[in-house]
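Below: one structure, written as structure tokens.
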Amino acid sequence: MADTLMWEVRAVPGGRDALARWVVENVPGPADVYLGGQDRVVVIARGKARLPEPPADLVARPVAQWPFTFHRSV
């Protein structure tokens, strides 16, 4: 059963910081937030977290998300 969610979205050009602030304020924890090139924001959420849809004016395309099951740390 999946216990981890990878959630990725691309911000409007130049809007990565605004989208990252929205994520930090609205995504339930525990979660890790990563910033990437091309205005991308990635969240790794543990547990049964459901992440809300970000405001349409902050994103360049729909959210992509994939459920995973933790295997092990090395």
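Quick note on naming: the chains in the structure tokens go A, B, ... in the order shown, residues restart at 1 in each chain, and ligands are numbered from 1 in order of appearance.
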Output as JSON, numbers by chain all residues of chain A that backbone DSSP marks as alpha helix (DSSP H).
{"A": [16, 17, 18, 19, 20, 21, 22, 23, 24, 25, 26]}
Stretch 59-69 of chain A: which residues within 6 Å, counting only C-alpha atoms, same-chain residues fewer than 4 positions away excluded, as a ChimeraX atom specification?
/A:2-12
Go ahead and save the picked residues with C-alpha atoms, as a CSV table (one decimal), in the first residue's frame.
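File produced: again.csv:
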```
chain,number,residue,atom,x,y,z
A,2,ALA,CA,1.4,3.4,-1.0
A,3,ASP,CA,2.6,5.5,1.9
A,4,THR,CA,4.5,8.3,0.1
A,5,LEU,CA,3.4,10.8,-2.5
A,6,MET,CA,5.6,12.6,-4.9
A,7,TRP,CA,3.9,15.8,-6.1
A,8,GLU,CA,5.4,18.0,-8.8
A,9,VAL,CA,4.3,21.2,-10.4
A,10,ARG,CA,5.8,23.8,-12.6
A,11,ALA,CA,5.1,27.4,-11.7
A,12,VAL,CA,4.4,30.2,-14.1
```
Got a sec to tell me which of chain A DSSP assigns to strand (DSSP E or B), as a VMD selection string?
chain A and resid 4 to 11 31 to 36 40 to 46 59 64 to 68
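Using only C-alpha atoms for every distance, the candidate list A:Ser73, A:Leu51, A:Asp57, A:Gly15 yields A:Gly15 as the residue closest to A:Leu35.
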Quick one: everything within 7 Å of stretch 17-29 of chain A, counting only C-alpha atoms, minus sequence neighbours fewer than 4 positions away in the same chain. Send it as a list in words.
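Neighbouring residues, sequence-local ones excluded: Ala11, Val41, Ala45, Ala49, Leu51, Pro52 and Leu58 of chain A.
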Please measure the separation of atom CA of A:Arg50 and atom CA of A:Ala31, giving the value in Å to one decimal.
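Between these atoms lies a distance of 11.0 Å.
The two atoms in question, atom CA of A:Glu53 and atom CA of A:Gly37, are spaced 20.8 Å apart.
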